[in-house]
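As provided, upload.cif (mmCIF, C-alpha atoms) reads as follows.
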data_my_file
loop_
_atom_site.label_atom_id
_atom_site.label_comp_id
_atom_site.auth_asym_id
_atom_site.auth_seq_id
_atom_site.Cartn_x
_atom_site.Cartn_y
_atom_site.Cartn_z
CA ALA H 15 -9.78 -13.53 -5.95
CA GLN H 16 -10.66 -9.95 -5.21
CA SER H 17 -9.91 -6.94 -7.40
CA VAL H 18 -10.12 -3.17 -7.02
CA THR H 19 -10.89 -0.56 -9.67
CA GLN H 20 -10.28 3.13 -9.19
CA LEU H 21 -12.20 4.71 -11.98
CA ASP H 22 -10.23 7.95 -12.27
CA SER H 23 -6.48 8.04 -12.67
CA GLN H 24 -6.39 11.81 -12.12
CA VAL H 25 -8.82 14.22 -10.49
CA PRO H 26 -8.12 17.95 -10.80
CA VAL H 27 -10.09 20.18 -8.45
CA PHE H 28 -9.93 23.74 -7.19
CA GLU H 29 -9.10 24.52 -3.59
CA GLU H 30 -12.13 24.54 -1.25
CA ALA H 31 -14.23 22.53 -3.70
CA PRO H 32 -15.67 19.13 -2.74
CA VAL H 33 -14.13 15.96 -4.14
CA GLU H 34 -15.09 12.32 -4.55
CA LEU H 35 -12.61 9.62 -5.47
CA ARG H 36 -14.29 6.49 -6.71
CA CYS H 37 -13.45 2.91 -5.80
CA ASN H 38 -15.22 -0.28 -6.79
CA TYR H 39 -14.24 -3.77 -5.78
CA SER H 40 -15.17 -7.29 -6.67
CA SER H 41 -15.14 -10.17 -4.25
CA SER H 42 -17.27 -13.22 -3.64
CA VAL H 43 -16.78 -12.97 0.13
CA SER H 44 -16.84 -10.25 2.74
CA VAL H 45 -13.96 -7.82 2.67
CA TYR H 46 -12.24 -5.15 4.67
CA LEU H 47 -11.80 -1.84 2.80
CA PHE H 48 -9.07 0.75 3.13
CA TRP H 49 -7.98 4.08 1.72
CA TYR H 50 -4.31 5.01 1.81
CA VAL H 51 -2.69 8.33 0.84
CA GLN H 52 0.78 8.79 -0.63
CA TYR H 53 2.26 12.26 -0.48
CA PRO H 54 5.10 13.05 -2.93
CA ASN H 55 8.26 11.05 -2.20
CA GLN H 56 6.73 9.34 0.81
CA GLY H 57 5.34 5.95 1.76
CA LEU H 58 1.66 5.17 2.15
CA GLN H 59 -0.34 6.35 5.14
CA LEU H 60 -3.70 4.98 6.24
CA LEU H 61 -6.58 7.46 5.79
CA LEU H 62 -9.45 5.27 6.96
CA LYS H 63 -10.78 1.74 6.96
CA TYR H 64 -14.04 -0.16 7.05
CA LEU H 65 -14.13 -3.44 8.93
CA SER H 66 -17.78 -3.70 10.00
CA GLY H 67 -20.60 -1.66 11.53
CA SER H 68 -21.54 1.81 10.31
CA THR H 69 -21.13 2.15 6.58
CA LEU H 70 -19.95 5.76 6.87
CA VAL H 71 -16.36 5.86 7.99
CA LYS H 72 -14.51 9.00 9.03
CA GLY H 73 -10.77 9.27 8.67
CA ILE H 74 -7.95 11.71 9.13
CA ASN H 75 -7.66 15.13 7.48
CA GLY H 76 -11.44 15.50 7.09
CA PHE H 77 -11.89 12.58 4.69
CA GLU H 78 -14.75 10.11 4.88
CA ALA H 79 -15.87 7.11 2.87
CA GLU H 80 -19.09 5.19 2.52
CA PHE H 81 -19.29 1.44 2.09
CA ASN H 82 -22.08 0.42 -0.28
CA LYS H 83 -22.38 -3.35 -0.36
CA SER H 84 -25.02 -3.51 -3.11
CA GLN H 85 -22.88 -1.40 -5.44
CA THR H 86 -19.60 -2.88 -4.17
CA SER H 87 -18.21 0.60 -3.79
CA PHE H 88 -16.17 2.51 -1.22
CA HIS H 89 -15.94 6.08 -2.50
CA LEU H 90 -13.79 8.63 -0.69
CA ARG H 91 -15.08 12.15 -0.12
CA LYS H 92 -14.01 15.46 1.32
CA PRO H 93 -16.32 18.49 1.42
CA SER H 94 -13.57 21.09 0.96
CA VAL H 95 -10.05 20.28 -0.21
CA HIS H 96 -6.81 22.08 0.51
CA ILE H 97 -3.65 22.43 -1.53
CA SER H 98 -2.01 20.08 0.98
CA ASP H 99 -4.40 17.29 -0.07
CA THR H 100 -2.55 16.98 -3.37
CA ALA H 101 -1.36 13.37 -3.35
CA GLU H 102 -2.05 9.94 -4.75
CA TYR H 103 -4.85 7.95 -3.14
CA PHE H 104 -5.12 4.19 -3.13
CA CYS H 105 -8.14 2.07 -2.39
CA ALA H 106 -7.41 -1.43 -1.09
CA VAL H 107 -9.35 -4.49 -0.02
CA SER H 108 -8.56 -7.59 1.95
CA LEU H 109 -10.54 -10.70 2.75
CA ASN H 110 -12.01 -10.35 6.19
CA ASN H 111 -10.18 -13.37 7.50
CA ALA H 112 -6.80 -12.12 6.23
CA GLY H 113 -6.68 -8.43 6.93
CA ASN H 114 -3.03 -8.11 6.00
CA MET H 115 -3.39 -9.41 2.45
CA LEU H 116 -4.14 -6.18 0.64
CA THR H 117 -5.11 -5.86 -3.00
CA PHE H 118 -4.67 -2.30 -4.24
CA GLY H 119 -6.37 -0.31 -6.95
CA GLY H 120 -4.33 1.56 -9.54
CA GLY H 121 -4.42 4.84 -7.62
CA THR H 122 -6.00 8.26 -8.20
CA ARG H 123 -3.86 11.36 -8.35
CA LEU H 124 -5.69 14.27 -6.71
CA MET H 125 -4.43 17.62 -7.94
CA VAL H 126 -5.71 20.61 -5.98
CA LYS H 127 -5.33 23.91 -7.77
CA PRO H 128 -5.40 27.37 -6.16
CA GLU X 16 9.34 6.43 17.00
CA ALA X 17 7.49 3.56 15.36
CA GLN X 18 8.76 3.17 11.84
CA VAL X 19 9.70 1.01 8.90
CA THR X 20 13.07 1.81 7.37
CA GLN X 21 14.39 0.83 3.98
CA ASN X 22 17.84 1.09 2.49
CA PRO X 23 18.93 2.28 0.09
CA ARG X 24 16.34 4.88 -0.88
CA TYR X 25 17.67 5.16 -4.41
CA LEU X 26 19.67 2.64 -6.42
CA ILE X 27 20.86 2.52 -10.00
CA THR X 28 22.39 -0.76 -11.09
CA VAL X 29 23.07 -2.84 -14.17
CA THR X 30 21.46 -6.00 -15.46
CA GLY X 31 22.60 -9.12 -13.66
CA LYS X 32 24.31 -7.52 -10.68
CA LYS X 33 22.88 -9.00 -7.48
CA LEU X 34 21.44 -6.53 -5.00
CA THR X 35 19.66 -6.50 -1.66
CA VAL X 36 17.20 -3.94 -0.36
CA THR X 37 16.93 -4.01 3.41
CA CYS X 38 13.78 -3.47 5.46
CA SER X 39 13.56 -3.15 9.22
CA GLN X 40 10.69 -2.41 11.61
CA ASN X 41 10.75 -1.56 15.31
CA MET X 42 7.11 -2.35 16.20
CA ASN X 43 7.50 -6.08 16.88
CA HIS X 44 5.13 -6.84 14.00
CA GLU X 45 4.70 -10.42 12.90
CA TYR X 46 3.69 -9.64 9.33
CA MET X 47 6.00 -8.04 6.78
CA SER X 48 5.55 -7.60 3.07
CA TRP X 49 7.19 -6.24 -0.07
CA TYR X 50 5.30 -4.39 -2.79
CA ARG X 51 6.29 -2.83 -6.05
CA GLN X 52 4.53 0.27 -7.35
CA ASP X 53 4.22 0.93 -11.07
CA PRO X 54 2.22 3.72 -12.74
CA GLY X 55 -1.41 2.78 -13.24
CA LEU X 56 -0.99 -0.58 -11.55
CA GLY X 57 -1.04 0.51 -7.93
CA LEU X 58 0.92 -1.62 -5.50
CA ARG X 59 1.41 -5.30 -6.18
CA GLN X 60 2.62 -7.71 -3.55
CA ILE X 61 5.89 -9.50 -4.22
CA TYR X 62 6.41 -11.62 -1.09
CA TYR X 63 5.14 -11.64 2.44
CA SER X 64 6.07 -13.17 5.75
CA MET X 65 3.77 -14.06 8.63
CA ASN X 66 6.59 -14.61 11.10
CA VAL X 67 10.22 -15.66 11.40
CA GLU X 68 11.13 -18.34 8.85
CA VAL X 69 7.62 -18.19 7.31
CA THR X 70 7.44 -16.59 3.86
CA ASP X 71 5.16 -16.94 0.87
CA LYS X 72 4.73 -15.61 -2.64
CA GLY X 73 2.53 -12.67 -3.45
CA ASP X 74 1.17 -11.74 -6.84
CA VAL X 75 4.46 -10.95 -8.63
CA PRO X 76 7.27 -13.03 -7.06
CA GLU X 77 9.28 -13.89 -10.19
CA GLY X 78 12.87 -12.65 -10.03
CA TYR X 79 12.80 -11.93 -6.29
CA LYS X 80 13.82 -13.72 -3.11
CA VAL X 81 13.24 -12.91 0.54
CA SER X 82 14.30 -14.21 3.91
CA ARG X 83 13.04 -13.71 7.46
CA LYS X 84 15.71 -14.79 9.89
CA GLU X 85 14.82 -12.16 12.49
CA LYS X 86 11.44 -10.69 13.33
CA ARG X 87 12.46 -7.10 12.63
CA ASN X 88 14.18 -7.60 9.25
CA PHE X 89 12.84 -8.66 5.86
CA PRO X 90 15.36 -8.11 3.05
CA LEU X 91 14.41 -8.27 -0.62
CA ILE X 92 16.99 -9.91 -2.87
CA LEU X 93 17.28 -9.57 -6.63
CA GLU X 94 19.72 -12.27 -7.71
CA SER X 95 19.93 -11.15 -11.34
CA PRO X 96 18.09 -7.85 -11.84
CA SER X 97 16.55 -7.05 -15.19
CA PRO X 98 15.22 -3.75 -16.59
CA ASN X 99 11.60 -4.84 -16.02
CA GLN X 100 12.33 -4.73 -12.29
CA THR X 101 12.84 -0.98 -12.47
CA SER X 102 10.21 0.21 -10.04
CA LEU X 103 9.43 1.82 -6.69
CA TYR X 104 9.55 -0.72 -3.89
CA PHE X 105 7.81 -0.52 -0.53
CA CYS X 106 8.20 -2.62 2.56
CA ALA X 107 5.30 -2.79 5.01
CA SER X 108 4.61 -4.38 8.38
CA SER X 109 1.65 -5.03 10.64
CA TYR X 110 0.34 -7.33 13.32
CA TRP X 111 -0.99 -10.76 12.45
CA GLY X 112 -3.80 -12.90 13.91
CA ASP X 113 -6.47 -11.07 15.89
CA ARG X 114 -4.94 -7.72 15.05
CA ALA X 115 -4.51 -8.48 11.37
CA ALA X 116 -6.90 -5.78 10.17
CA GLU X 117 -5.02 -3.01 11.88
CA GLU X 118 -2.96 -0.53 9.95
CA GLN X 119 -0.09 -1.61 7.77
CA PHE X 120 2.91 0.68 8.20
CA PHE X 121 4.87 1.46 5.06
CA GLY X 122 8.50 2.35 4.61
CA PRO X 123 9.56 5.43 2.61
CA GLY X 124 10.24 3.45 -0.56
CA THR X 125 13.27 2.44 -2.62
CA ARG X 126 13.48 3.65 -6.18
CA LEU X 127 15.37 1.07 -8.22
CA THR X 128 16.61 1.58 -11.76
CA VAL X 129 18.09 -1.37 -13.64
CA LEU X 130 20.00 -0.40 -16.78
#
Spell out the structure here as structure tokens.
Amino acid sequence: AQSVTQLDSQVPVFEEAPVELRCNYSSSVSVYLFWYVQYPNQGLQLLLKYLSGSTLVKGINGFEAEFNKSQTSFHLRKPSVHISDTAEYFCAVSLNNAGNMLTFGGGTRLMVKP
Amino acid sequence: EAQVTQNPRYLITVTGKKLTVTCSQNMNHEYMSWYRQDPGLGLRQIYYSMNVEVTDKGDVPEGYKVSRKEKRNFPLILESPSPNQTSLYFCASSYWGDRAAEEQFFGPGTRLTVL
């Protein structure tokens, strides 16, 4: 079975600073990788996903993530954050023959301060 | 507008009183799923359905039931709620088969409190 670890439960950062949210996974087979964002009092929204091909994936709102197979990581980055990026971010994986069956990490709360 | 709707959005109930949380999607998705979200644990899957009349257990199915009589609806039933089922619940839907890795669409959530 696969599992996902998000190493930081909270990440405080000042506006316009860069940010990296860390995600590591474990799986004995190939996986699909996803990042979802949850704004306050809302459902989850897909930020980006890696299925195959280029290991650098660009998503919405200026976010990007890099798949590193040797380190089993899929860290999320943004070069300059805005107040509106304050939200909870979830990393998720699925087996690549069952893309719907998501396993989520515990979430990272990004807090952007003015 | 493509969406997943859940009702109610907020519910406070007492131990043992049966309740149903409804979920409906208008995207003709085959796959539907229920998750619960608890602090520090992320989202954990309760049940899922790959199509009408096809359901299966997720990671935390105890105390829950589901049914899929129509493609668009996937209600979550708590026959005898207990306080440990106090949580935030999300319904999600997506395509299945060749389009399985496409985006899952999430509902707005139902915050359930069991006293």
Problem - Selection result of the PyMOL selection byres ((chain X) within 12 of (chain H)) on this file, as a count of residues only - result: 56
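Minimum atom-to-atom distance to Leu70 (chain H), evaluated using only C-alpha atoms, belongs to H:Leu90 out of H:Val33, H:Leu90, H:Val95, H:Val126.
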Exercise for the section: Could you tell me which residues the PyMOL selection byres ((chain X and resi 130) around 10) returns for this structure, as number ranges by chain? Expected result: X: 27-31, 96-101, 127-129
Go ahead and save the residues from that selection, with C-alpha atoms, as a PDB file, in the frame of the given file.
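result.pdb, freshly written:
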ATOM      1  CA  ILE X  27      20.860   2.520 -10.000  1.00  0.00           C
ATOM      2  CA  THR X  28      22.390  -0.760 -11.090  1.00  0.00           C
ATOM      3  CA  VAL X  29      23.070  -2.840 -14.170  1.00  0.00           C
ATOM      4  CA  THR X  30      21.460  -6.000 -15.460  1.00  0.00           C
ATOM      5  CA  GLY X  31      22.600  -9.120 -13.660  1.00  0.00           C
ATOM      6  CA  PRO X  96      18.090  -7.850 -11.840  1.00  0.00           C
ATOM      7  CA  SER X  97      16.550  -7.050 -15.190  1.00  0.00           C
ATOM      8  CA  PRO X  98      15.220  -3.750 -16.590  1.00  0.00           C
ATOM      9  CA  ASN X  99      11.600  -4.840 -16.020  1.00  0.00           C
ATOM     10  CA  GLN X 100      12.330  -4.730 -12.290  1.00  0.00           C
ATOM     11  CA  THR X 101      12.840  -0.980 -12.470  1.00  0.00           C
ATOM     12  CA  LEU X 127      15.370   1.070  -8.220  1.00  0.00           C
ATOM     13  CA  THR X 128      16.610   1.580 -11.760  1.00  0.00           C
ATOM     14  CA  VAL X 129      18.090  -1.370 -13.640  1.00  0.00           C
TER      15      VAL X 129
END
Practice task
Quick one: apply the PyMOL selection byres ((chain H and resi 69) around 6) to the file and drop the selected residues here as a PyMOL selection string.
Solution key: chain H and resi 68+70+80-81
Completion exercise
Between CA of Lys80 (chain X) and CA of Ile92 (chain X) lies a distance of 5.0 Å
Handout entry: Straight-line distance linking CA of Thr86 (chain H) with CA of Val51 (chain H), stated in Å to one decimal
Key = 20.9 Å
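Taking CA of Val27 (chain H) as the reference point, CA of Gly76 (chain H) is found at 16.3 Å.
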Practice task
Kindly extract all protein, DNA and RNA residues lying within 7 Å of the coordinates (21.2, -6.2, -3.7) given in the file, considering only C-alpha atoms, and supply them as a list in words.
Solution key: Lys33, Leu34, Thr35, Val36, Ile92 and Leu93 of chain X
Please produce a file of the residues just selected, as a PDB file, in the frame of the given file, where the atoms kept are C-alpha atoms.
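Ended up saving to result_36.pdb:
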ATOM      1  CA  LYS X  33      22.880  -9.000  -7.480  1.00  0.00           C
ATOM      2  CA  LEU X  34      21.440  -6.530  -5.000  1.00  0.00           C
ATOM      3  CA  THR X  35      19.660  -6.500  -1.660  1.00  0.00           C
ATOM      4  CA  VAL X  36      17.200  -3.940  -0.360  1.00  0.00           C
ATOM      5  CA  ILE X  92      16.990  -9.910  -2.870  1.00  0.00           C
ATOM      6  CA  LEU X  93      17.280  -9.570  -6.630  1.00  0.00           C
TER       7      LEU X  93
END
Exercise for the section: Extract, using only C-alpha atoms, all DNA, RNA and protein residues at most 8 Å from Pro26 (chain H), discarding same-chain residues fewer than 4 positions from it, and format them as JSON, numbers by chain. Expected result: {"H": [124, 125, 126, 127]}
Six-sided padding of 5 Å per side, axis-aligned box over region 83-101 of chain X, centre and edges in Å, one decimal, as lines of an AutoDock Vina configuration file:
center_x = 15.7
center_y = -7.9
center_z = -1.6
size_x = 18.5
size_y = 23.8
size_z = 39.9
Handout entry: Answer as a PyMOL selection string, residues within 9 Å of (11.6, -11.6, 12.9) using only C-alpha atoms
Key = chain X and resi 43-46+66-68+83-89
